[in-house]
file start21.txt (compact mmCIF, C-alpha atoms)
# COMPACT_ATOMS: atom_id res chain seq x y z
CA MET A 1 -12.30 9.13 60.99
CA PRO A 2 -15.85 9.42 62.31
CA THR A 3 -18.78 10.11 60.01
CA PRO A 4 -20.12 13.61 60.69
CA SER A 5 -23.50 13.42 62.40
CA PRO A 6 -26.40 15.26 60.78
CA ILE A 7 -25.99 18.31 63.01
CA LEU A 8 -25.18 21.58 61.33
CA THR A 9 -22.43 24.05 62.14
CA PRO A 10 -23.02 27.65 61.06
CA ILE A 11 -19.88 28.76 59.17
CA GLY A 12 -20.85 32.41 58.90
CA ARG A 13 -23.64 34.93 58.81
CA ILE A 14 -25.47 36.72 56.00
CA ALA A 15 -26.25 40.45 56.13
CA THR A 16 -29.16 41.63 53.98
CA PRO A 17 -31.37 44.75 53.98
CA TRP A 18 -34.41 42.72 55.16
CA ALA A 19 -35.01 42.77 58.93
CA SER A 20 -37.86 40.25 59.00
CA ILE A 21 -39.56 37.67 56.80
CA VAL A 22 -42.32 40.07 55.72
CA ASP A 23 -39.68 42.48 54.36
CA CYS A 24 -38.02 39.84 52.14
CA PRO A 25 -38.56 39.97 48.37
CA ARG A 26 -40.27 37.07 46.63
CA ASN A 27 -36.91 36.00 45.26
CA GLY A 28 -33.42 37.44 45.07
CA ARG A 29 -33.77 38.58 41.47
CA GLN A 30 -36.99 40.51 42.04
CA PRO A 31 -35.45 43.78 43.40
CA ASP A 32 -34.04 45.87 40.53
CA PRO A 33 -31.29 46.71 41.10
CA ALA A 34 -30.57 43.85 43.48
CA PRO A 35 -28.80 45.18 46.60
CA VAL A 36 -25.29 44.01 47.45
CA CYS A 37 -25.40 41.74 50.52
CA THR A 38 -22.48 40.72 52.72
CA VAL A 39 -21.51 37.21 53.73
CA THR A 40 -19.17 37.04 56.72
CA VAL A 41 -17.33 33.75 57.20
CA PHE A 42 -16.33 32.85 60.76
CA GLU A 43 -12.59 32.71 61.44
CA PRO A 44 -12.19 28.91 61.78
CA PHE A 45 -13.48 28.46 58.21
CA VAL A 46 -11.73 31.31 56.37
CA ALA A 47 -8.99 29.06 54.93
CA GLY A 48 -11.70 27.29 52.92
CA LEU A 49 -12.24 30.43 50.81
CA GLN A 50 -8.90 30.06 49.02
CA GLY A 51 -9.40 29.91 45.24
CA LEU A 52 -12.89 31.43 45.22
CA GLU A 53 -11.81 34.48 43.23
CA GLY A 54 -12.66 34.16 39.53
CA PHE A 55 -16.02 32.49 40.00
CA SER A 56 -18.73 34.90 38.87
CA HIS A 57 -21.50 33.05 40.70
CA LEU A 58 -21.80 30.98 43.87
CA VAL A 59 -24.34 28.66 45.44
CA LEU A 60 -25.08 29.58 49.05
CA LEU A 61 -26.79 27.25 51.50
CA TYR A 62 -28.19 28.75 54.68
CA TRP A 63 -30.37 27.81 57.64
CA LEU A 64 -33.81 29.41 57.55
CA ASP A 65 -33.79 29.94 61.31
CA GLN A 66 -36.86 32.16 61.31
CA ALA A 67 -39.05 29.78 59.32
CA ARG A 68 -42.08 28.48 61.18
CA ALA A 69 -42.72 24.75 61.66
CA PRO A 70 -42.77 22.61 58.50
CA GLN A 71 -45.98 22.67 56.45
CA LEU A 72 -46.07 19.90 53.85
CA VAL A 73 -48.95 21.34 51.81
CA PHE A 74 -49.96 24.97 51.51
CA THR A 75 -51.43 27.48 49.08
CA PRO A 76 -48.73 29.92 47.94
CA PRO A 77 -49.64 33.63 48.26
CA PHE A 78 -49.76 34.16 44.48
CA ASP A 79 -51.70 30.94 43.76
CA THR A 80 -55.09 29.38 44.48
CA THR A 81 -54.18 25.66 44.49
CA PRO A 82 -52.56 23.81 47.41
CA ARG A 83 -49.00 22.71 46.56
CA GLY A 84 -46.58 20.33 48.22
CA VAL A 85 -43.69 22.16 49.85
CA PHE A 86 -41.18 20.23 47.69
CA ALA A 87 -42.84 21.79 44.60
CA THR A 88 -42.17 25.26 46.04
CA ARG A 89 -39.22 27.27 47.30
CA GLY A 90 -41.10 28.27 50.45
CA PRO A 91 -39.25 28.20 53.79
CA ARG A 92 -41.45 25.85 55.87
CA ARG A 93 -39.60 22.69 54.85
CA PRO A 94 -38.79 19.56 56.92
CA ASN A 95 -35.14 20.66 56.67
CA PRO A 96 -35.32 24.46 56.33
CA ILE A 97 -32.21 24.89 54.20
CA GLY A 98 -32.30 27.80 51.79
CA MET A 99 -30.36 27.72 48.51
CA SER A 100 -29.57 30.72 46.34
CA VAL A 101 -27.53 31.18 43.19
CA VAL A 102 -25.83 34.54 43.74
CA ALA A 103 -23.56 36.84 41.76
CA PHE A 104 -20.15 37.07 43.45
CA ASP A 105 -18.83 40.65 43.43
CA GLY A 106 -15.55 39.81 45.15
CA PHE A 107 -14.07 40.11 48.62
CA ASP A 108 -14.55 43.00 51.02
CA GLY A 109 -11.89 41.86 53.48
CA PRO A 110 -10.40 38.36 53.93
CA ASN A 111 -13.57 36.88 55.41
CA ARG A 112 -16.29 39.01 53.77
CA LEU A 113 -17.93 38.33 50.40
CA LYS A 114 -20.08 40.74 48.43
CA VAL A 115 -22.98 38.98 46.71
CA ARG A 116 -26.23 39.83 44.95
CA PHE A 117 -29.55 37.98 44.50
CA LEU A 118 -30.23 36.91 48.09
CA ASP A 119 -33.75 37.03 49.52
CA CYS A 120 -33.21 35.90 53.13
CA VAL A 121 -33.58 37.72 56.44
CA ASP A 122 -30.69 39.75 57.85
CA GLY A 123 -28.57 37.59 60.17
CA THR A 124 -29.34 34.24 58.51
CA PRO A 125 -26.76 31.55 59.47
CA LEU A 126 -24.58 30.43 56.56
CA LEU A 127 -24.07 26.68 56.05
CA ASP A 128 -22.06 26.30 52.86
CA ILE A 129 -20.52 28.09 49.89
CA LYS A 130 -20.11 26.22 46.61
CA PRO A 131 -18.79 27.45 43.27
CA TYR A 132 -21.56 27.69 40.66
CA LEU A 133 -20.70 25.54 37.67
CA THR A 134 -22.39 26.08 34.31
CA THR A 135 -21.45 22.52 33.39
CA THR A 136 -23.65 20.97 36.08
CA ASP A 137 -25.93 23.72 37.43
CA ALA A 138 -27.21 25.65 34.39
CA GLU A 139 -30.38 24.33 32.77
CA PRO A 140 -31.64 27.42 30.96
CA GLY A 141 -34.32 25.48 29.08
CA ALA A 142 -35.86 23.81 32.15
CA SER A 143 -39.64 23.85 32.39
CA MET A 144 -41.16 25.22 35.57
CA GLY A 145 -44.35 23.19 36.11
CA TRP A 146 -47.10 25.00 37.99
CA LEU A 147 -44.77 27.96 38.58
CA ALA A 148 -44.43 28.76 34.84
CA PRO A 149 -47.32 31.28 34.74
CA HIS A 150 -45.94 32.96 37.89
CA ALA A 151 -42.36 33.18 36.65
CA THR A 152 -40.37 36.30 37.36
CA ARG A 153 -37.97 37.52 34.72
CA ASN A 154 -34.39 36.33 34.19
CA PRO A 155 -32.66 38.34 31.45
CA ASN A 156 -29.93 35.67 31.25
CA THR A 157 -32.24 33.06 29.80
CA GLU A 158 -34.33 35.24 27.48
CA MET B 1 -44.16 27.97 67.08
CA PRO B 2 -40.57 26.99 67.97
CA THR B 3 -37.71 27.67 65.60
CA PRO B 4 -36.41 24.39 64.18
CA SER B 5 -33.02 23.56 65.63
CA PRO B 6 -30.16 22.96 63.21
CA ILE B 7 -30.57 19.20 63.30
CA LEU B 8 -31.41 17.44 60.09
CA THR B 9 -34.16 14.93 59.41
CA PRO B 10 -33.61 12.57 56.47
CA ILE B 11 -36.77 12.71 54.33
CA GLY B 12 -35.82 9.86 52.03
CA ARG B 13 -33.06 7.84 50.48
CA ILE B 14 -31.26 7.96 47.14
CA ALA B 15 -30.50 4.82 45.13
CA THR B 16 -27.61 5.07 42.65
CA PRO B 17 -25.40 2.53 40.85
CA TRP B 18 -22.36 3.53 42.94
CA ALA B 19 -21.71 1.37 46.00
CA SER B 20 -18.84 3.42 47.44
CA ILE B 21 -17.16 6.80 47.06
CA VAL B 22 -14.44 5.44 44.78
CA ASP B 23 -17.10 4.23 42.34
CA CYS B 24 -18.78 7.64 42.02
CA PRO B 25 -18.29 9.67 38.82
CA ARG B 26 -16.60 13.07 39.01
CA ASN B 27 -19.99 14.70 38.54
CA GLY B 28 -23.48 13.59 37.61
CA ARG B 29 -23.20 14.69 34.00
CA GLN B 30 -19.96 12.78 33.33
CA PRO B 31 -21.48 9.33 32.63
CA ASP B 32 -22.94 9.22 29.10
CA PRO B 33 -25.70 8.19 29.12
CA ALA B 34 -26.38 9.19 32.72
CA PRO B 35 -28.10 6.32 34.57
CA VAL B 36 -31.59 6.80 35.97
CA CYS B 37 -31.43 6.92 39.78
CA THR B 38 -34.32 6.50 42.21
CA VAL B 39 -35.25 8.83 45.04
CA THR B 40 -37.55 7.26 47.63
CA VAL B 41 -39.37 9.69 49.92
CA PHE B 42 -40.32 8.41 53.37
CA GLU B 43 -44.05 8.12 54.08
CA PRO B 44 -44.42 11.07 56.51
CA PHE B 45 -43.17 13.47 53.80
CA VAL B 46 -44.96 12.15 50.70
CA ALA B 47 -47.72 14.81 50.82
CA GLY B 48 -45.04 17.42 50.14
CA LEU B 49 -44.53 16.03 46.61
CA GLN B 50 -47.91 17.33 45.38
CA GLY B 51 -47.46 19.59 42.36
CA LEU B 52 -43.99 18.37 41.43
CA GLU B 53 -45.11 16.96 38.07
CA GLY B 54 -44.31 19.32 35.19
CA PHE B 55 -40.94 20.44 36.47
CA SER B 56 -38.25 19.12 34.13
CA HIS B 57 -35.44 19.61 36.66
CA LEU B 58 -35.09 19.54 40.43
CA VAL B 59 -32.52 20.57 43.01
CA LEU B 60 -31.73 17.78 45.45
CA LEU B 61 -29.98 18.33 48.77
CA TYR B 62 -28.53 15.30 50.51
CA TRP B 63 -26.33 14.41 53.44
CA LEU B 64 -22.88 13.15 52.43
CA ASP B 65 -22.85 10.59 55.23
CA GLN B 66 -19.79 8.76 53.94
CA ALA B 67 -17.63 11.87 53.61
CA ARG B 68 -14.55 11.91 55.82
CA ALA B 69 -13.89 14.72 58.32
CA PRO B 70 -13.87 18.26 56.91
CA GLN B 71 -10.71 19.39 55.13
CA LEU B 72 -10.62 23.14 54.56
CA VAL B 73 -7.78 23.12 52.02
CA PHE B 74 -6.80 20.28 49.70
CA THR B 75 -5.39 19.60 46.27
CA PRO B 76 -8.12 18.22 43.98
CA PRO B 77 -7.22 14.99 42.13
CA PHE B 78 -7.17 16.71 38.72
CA ASP B 79 -5.22 19.76 39.91
CA THR B 80 -1.80 20.65 41.35
CA THR B 81 -2.69 23.71 43.47
CA PRO B 82 -4.26 23.58 46.95
CA ARG B 83 -7.83 24.96 46.92
CA GLY B 84 -10.21 25.97 49.67
CA VAL B 85 -13.08 23.52 50.03
CA PHE B 86 -15.61 26.33 49.36
CA ALA B 87 -14.00 26.80 45.92
CA THR B 88 -14.67 23.13 45.15
CA ARG B 89 -17.60 20.73 45.09
CA GLY B 90 -15.69 18.13 47.12
CA PRO B 91 -17.49 16.29 49.92
CA ARG B 92 -15.24 17.06 52.94
CA ARG B 93 -17.12 20.25 53.91
CA PRO B 94 -17.86 21.65 57.39
CA ASN B 95 -21.52 20.87 56.62
CA PRO B 96 -21.37 17.93 54.19
CA ILE B 97 -24.51 18.77 52.25
CA GLY B 98 -24.47 17.73 48.60
CA MET B 99 -26.43 19.66 45.98
CA SER B 100 -27.29 18.40 42.52
CA VAL B 101 -29.37 19.78 39.69
CA VAL B 102 -31.08 16.69 38.26
CA ALA B 103 -33.38 15.91 35.36
CA PHE B 104 -36.76 14.73 36.67
CA ASP B 105 -38.08 11.80 34.64
CA GLY B 106 -41.34 11.50 36.59
CA PHE B 107 -42.76 9.28 39.30
CA ASP B 108 -42.27 5.55 39.65
CA GLY B 109 -44.90 5.08 42.35
CA PRO B 110 -46.37 7.69 44.71
CA ASN B 111 -43.16 8.11 46.72
CA ARG B 112 -40.47 7.29 44.12
CA LEU B 113 -38.89 9.76 41.71
CA LYS B 114 -36.78 8.90 38.68
CA VAL B 115 -33.89 11.34 38.23
CA ARG B 116 -30.67 11.64 36.24
CA PHE B 117 -27.35 13.45 36.89
CA LEU B 118 -26.61 12.30 40.44
CA ASP B 119 -23.08 11.41 41.51
CA CYS B 120 -23.57 10.30 45.13
CA VAL B 121 -23.15 6.94 46.83
CA ASP B 122 -26.02 4.45 46.90
CA GLY B 123 -28.11 4.90 50.05
CA THR B 124 -27.35 8.61 50.57
CA PRO B 125 -29.90 10.26 52.91
CA LEU B 126 -32.12 12.82 51.17
CA LEU B 127 -32.63 16.20 52.89
CA ASP B 128 -34.68 18.30 50.49
CA ILE B 129 -36.26 18.51 47.04
CA LYS B 130 -36.71 21.91 45.41
CA PRO B 131 -38.09 22.78 41.98
CA TYR B 132 -35.36 24.07 39.65
CA LEU B 133 -36.26 27.54 38.41
CA THR B 134 -34.62 28.98 35.30
CA THR B 135 -35.57 32.44 36.59
CA THR B 136 -33.30 32.21 39.64
CA ASP B 137 -31.02 29.19 39.16
CA ALA B 138 -29.80 29.32 35.54
CA GLU B 139 -26.65 31.34 34.90
CA PRO B 140 -25.42 29.82 31.63
CA GLY B 141 -22.77 32.51 31.17
CA ALA B 142 -21.17 32.14 34.62
CA SER B 143 -17.38 31.99 34.73
CA MET B 144 -15.83 29.08 36.54
CA GLY B 145 -12.62 30.45 38.09
CA TRP B 146 -9.84 27.90 38.59
CA LEU B 147 -12.19 25.12 37.44
CA ALA B 148 -12.61 26.57 33.92
CA PRO B 149 -9.74 24.55 32.36
CA HIS B 150 -11.06 21.39 34.03
CA ALA B 151 -14.68 21.90 32.95
CA THR B 152 -16.67 18.93 31.79
CA ARG B 153 -19.15 19.42 28.96
CA ASN B 154 -22.72 20.68 29.25
CA PRO B 155 -24.47 20.58 25.87
CA ASN B 156 -27.21 22.88 27.27
CA THR B 157 -24.91 25.87 27.51
CA GLU B 158 -22.87 25.40 24.36
call {"tool": "encode", "arguments": {"input": "start21.txt", "output": "structure tokens"}}
result
Amino acid sequence: MPTPSPILTPIGRIATPWASIVDCPRNGRQPDPAPVCTVTVFEPFVAGLQGLEGFSHLVLLYWLDQARAPQLVFTPPFDTTPRGVFATRGPRRPNPIGMSVVAFDGFDGPNRLKVRFLDCVDGTPLLDIKPYLTTTDAEPGASMGWLAPHATRNPNTE
Amino acid sequence: MPTPSPILTPIGRIATPWASIVDCPRNGRQPDPAPVCTVTVFEPFVAGLQGLEGFSHLVLLYWLDQARAPQLVFTPPFDTTPRGVFATRGPRRPNPIGMSVVAFDGFDGPNRLKVRFLDCVDGTPLLDIKPYLTTTDAEPGASMGWLAPHATRNPNTE
């Protein structure tokens, strides 16, 4: 079987309350309460959702299609020092793939998922859904480098 | 500025001890002790690493270039029930992008990172490096659906 080429196929679309980049929150856990967003999976991929029920959290990957051209070094809005893009979660990356850990509130139809804690623009193309695993993905004691003084709150790790 | 098209650009390469898929561990935290792997970032992207020191953990995205064609439903090796690929971390995804939360053991040269907890094949193309943020990425109490009885151990969340 051929190796897939590094070209992406959108598998769905993400609906959020934020119409443009300037409307987006700084991160998906900043709005309180976080609004419920809808992930619609395109028909050819719906079979892949089987067995997703029971996971409380998911990892979503999506294509930041409204991000401007990559910028390897920039000064974040809440900072005064230039930072490399790989030390930030900013969107202007060489491969503009967004990643969010979201709460999964169940299905709203066979191809629609209700999730919380997204921060992307309405209409963002979905690339992948993965189950969140505490065994490999949770590092509650991780240190946050230059971002530590700018940290937003996570009640789960306090 | 033009919107980037959904074509990926490898930004580096990952060196691991596993020469082929059959050699890879079930997940990056299964080997004990986990071997130190090396991430080499290609020269045009090295400036983006500025500010990465001080983060104890990173999120790596990589292209699973040795994965076979997508398979939407399959029975995992340690299971007897067919599962949708989006309810698994298996590699045969519509967009075969791997995601790992790794421990960052610092730089080994200006463009080489030492990391632990990878499970991918030696030579895997790197797509992105993100800082791991406890504030948005750590959900130590998440429930793991059908994978719960198959969970491997994570001493950080026990």
call {"tool": "closest_residue", "arguments": {"input": "start21.txt", "among": "B:Val39, B:Arg68, B:Ala15, B:Ser56", "to": "Gly141 of chain A", "atoms": "all atoms listed in the file"}}
result
B:Ser56
call {"tool": "atom_distance", "arguments": {"input": "start21.txt", "atom1": "atom CA of Thr88 of chain B", "atom2": "atom CA of Pro76 of chain B"}}
result
8.3 Å
call {"tool": "axis_aligned_box", "arguments": {"input": "start21.txt", "around": "segment 36-44 of chain A", "padding_each_side": "8 Å", "output": "JSON"}}
result
{"center_x": -18.8, "center_y": 36.5, "center_z": 54.6, "size_x": 29.2, "size_y": 31.1, "size_z": 30.3}
call {"tool": "closest_residue", "arguments": {"input": "start21.txt", "among": "A:Arg83, A:Arg116, A:Arg92, A:His57", "to": "Ile14 of chain A", "atoms": "only C-alpha atoms"}}
result
A:Arg116
call {"tool": "residues_near_point", "arguments": {"input": "start21.txt", "point": "(-21.3, 32.7, 31.7)", "cutoff": "10 Å", "atoms": "all atoms listed in the file", "output": "list in words"}}
result
Phe55, Ser56, His57, Leu133, Thr134, Ala138 and Asn156 of chain A; Ala138, Glu139, Pro140, Gly141, Ala142, Ser143, Met144 and Thr157 of chain B
call {"tool": "residues_around", "arguments": {"input": "start21.txt", "residues": "Pro82 of chain A", "least_positions_apart": "4", "cutoff": "10 Å", "atoms": "all atoms listed in the file", "output": "PyMOL selection string"}}
result
(chain A and resi 72-76) or (chain B and resi 50-51)
call {"tool": "write_last_selection", "arguments": {"input": "start21.txt", "atoms": "C-alpha atoms", "output": "PDB file, in the frame of the given file"}}
result
ATOM      1  CA  LEU A  72     -46.070  19.900  53.850  1.00  0.00           C
ATOM      2  CA  VAL A  73     -48.950  21.340  51.810  1.00  0.00           C
ATOM      3  CA  PHE A  74     -49.960  24.970  51.510  1.00  0.00           C
ATOM      4  CA  THR A  75     -51.430  27.480  49.080  1.00  0.00           C
ATOM      5  CA  PRO A  76     -48.730  29.920  47.940  1.00  0.00           C
TER       6      PRO A  76
ATOM      7  CA  GLN B  50     -47.910  17.330  45.380  1.00  0.00           C
ATOM      8  CA  GLY B  51     -47.460  19.590  42.360  1.00  0.00           C
TER       9      GLY B  51
END
call {"tool": "atom_distance", "arguments": {"input": "start21.txt", "atom1": "atom CA of Arg13 of chain B", "atom2": "atom CA of Gly12 of chain A"}}
result
28.7 Å
call {"tool": "closest_residue", "arguments": {"input": "start21.txt", "among": "A:Asp122, A:Asp23, A:Glu43, A:Asp137", "to": "Thr152 of chain B", "atoms": "all atoms listed in the file"}}
result
A:Asp137
call {"tool": "residues_around", "arguments": {"input": "start21.txt", "residues": "Leu113 of chain B", "least_positions_apart": "3", "cutoff": "6 Å", "atoms": "all atoms listed in the file", "output": "list in words"}}
result
Thr38, Val39, Gly106, Phe107 and Asp108 of chain B
call {"tool": "build_atoms", "arguments": {"input": "start21.txt", "residues": "segment 106-137 of chain A", "atoms": "N, CA and C atoms", "output": "short mmCIF file (atom, residue, chain, number, x, y, z; two decimals), in the frame of the given file"}}
result
data_model
loop_
_atom_site.label_atom_id
_atom_site.label_comp_id
_atom_site.auth_asym_id
_atom_site.auth_seq_id
_atom_site.Cartn_x
_atom_site.Cartn_y
_atom_site.Cartn_z
N GLY A 106 -16.90 39.75 44.61
CA GLY A 106 -15.55 39.81 45.15
C GLY A 106 -15.52 39.97 46.66
N PHE A 107 -14.29 40.05 47.18
CA PHE A 107 -14.07 40.11 48.62
C PHE A 107 -14.09 41.55 49.12
N ASP A 108 -14.57 41.72 50.33
CA ASP A 108 -14.55 43.00 51.02
C ASP A 108 -13.88 42.73 52.37
N GLY A 109 -12.61 42.35 52.31
CA GLY A 109 -11.89 41.86 53.48
C GLY A 109 -11.69 40.35 53.35
N PRO A 110 -10.75 39.79 54.11
CA PRO A 110 -10.40 38.36 53.93
C PRO A 110 -11.53 37.39 54.23
N ASN A 111 -12.50 37.81 55.05
CA ASN A 111 -13.57 36.88 55.41
C ASN A 111 -14.96 37.42 55.05
N ARG A 112 -15.00 38.42 54.13
CA ARG A 112 -16.29 39.01 53.77
C ARG A 112 -16.48 38.99 52.26
N LEU A 113 -17.61 38.44 51.82
CA LEU A 113 -17.93 38.33 50.40
C LEU A 113 -19.09 39.26 50.07
N LYS A 114 -18.97 39.93 48.93
CA LYS A 114 -20.08 40.74 48.43
C LYS A 114 -20.86 39.91 47.40
N VAL A 115 -22.16 39.79 47.62
CA VAL A 115 -22.98 38.98 46.71
C VAL A 115 -24.30 39.70 46.42
N ARG A 116 -24.90 39.34 45.29
CA ARG A 116 -26.23 39.83 44.95
C ARG A 116 -27.17 38.67 44.66
N PHE A 117 -28.47 38.94 44.81
CA PHE A 117 -29.55 37.98 44.50
C PHE A 117 -29.94 37.12 45.70
N LEU A 118 -29.71 37.60 46.91
CA LEU A 118 -30.23 36.91 48.09
C LEU A 118 -31.64 37.42 48.40
N ASP A 119 -32.40 36.61 49.12
CA ASP A 119 -33.75 37.03 49.52
C ASP A 119 -34.03 36.68 50.99
N CYS A 120 -32.98 36.38 51.76
CA CYS A 120 -33.21 35.90 53.13
C CYS A 120 -33.12 37.05 54.15
N VAL A 121 -33.55 36.75 55.35
CA VAL A 121 -33.58 37.72 56.44
C VAL A 121 -32.16 38.06 56.89
N ASP A 122 -31.96 39.31 57.29
CA ASP A 122 -30.69 39.75 57.85
C ASP A 122 -30.30 38.86 59.04
N GLY A 123 -29.05 38.41 59.06
CA GLY A 123 -28.57 37.59 60.17
C GLY A 123 -28.70 36.09 59.96
N THR A 124 -29.15 35.67 58.78
CA THR A 124 -29.34 34.24 58.51
C THR A 124 -28.01 33.48 58.62
N PRO A 125 -27.99 32.35 59.35
CA PRO A 125 -26.76 31.55 59.47
C PRO A 125 -26.37 30.88 58.15
N LEU A 126 -25.11 31.04 57.78
CA LEU A 126 -24.58 30.43 56.56
C LEU A 126 -24.13 29.00 56.83
N LEU A 127 -24.45 28.09 55.91
CA LEU A 127 -24.07 26.68 56.05
C LEU A 127 -22.99 26.24 55.08
N ASP A 128 -23.01 26.78 53.86
CA ASP A 128 -22.06 26.30 52.86
C ASP A 128 -21.95 27.32 51.73
N ILE A 129 -20.79 27.33 51.11
CA ILE A 129 -20.52 28.09 49.89
C ILE A 129 -20.00 27.09 48.87
N LYS A 130 -20.59 27.08 47.68
CA LYS A 130 -20.11 26.22 46.61
C LYS A 130 -19.90 27.07 45.36
N PRO A 131 -18.92 26.74 44.55
CA PRO A 131 -18.79 27.45 43.27
C PRO A 131 -19.93 27.03 42.34
N TYR A 132 -20.52 28.01 41.65
CA TYR A 132 -21.56 27.69 40.66
C TYR A 132 -20.89 27.24 39.37
N LEU A 133 -21.31 26.11 38.86
CA LEU A 133 -20.70 25.54 37.67
C LEU A 133 -21.73 25.46 36.54
N THR A 134 -21.46 26.16 35.44
CA THR A 134 -22.39 26.08 34.31
C THR A 134 -22.52 24.65 33.80
N THR A 135 -21.45 23.87 33.94
CA THR A 135 -21.45 22.52 33.39
C THR A 135 -22.42 21.58 34.11
N THR A 136 -22.74 21.86 35.36
CA THR A 136 -23.65 20.97 36.08
C THR A 136 -24.88 21.68 36.65
N ASP A 137 -24.86 23.01 36.72
CA ASP A 137 -25.93 23.72 37.43
C ASP A 137 -26.83 24.54 36.52
#
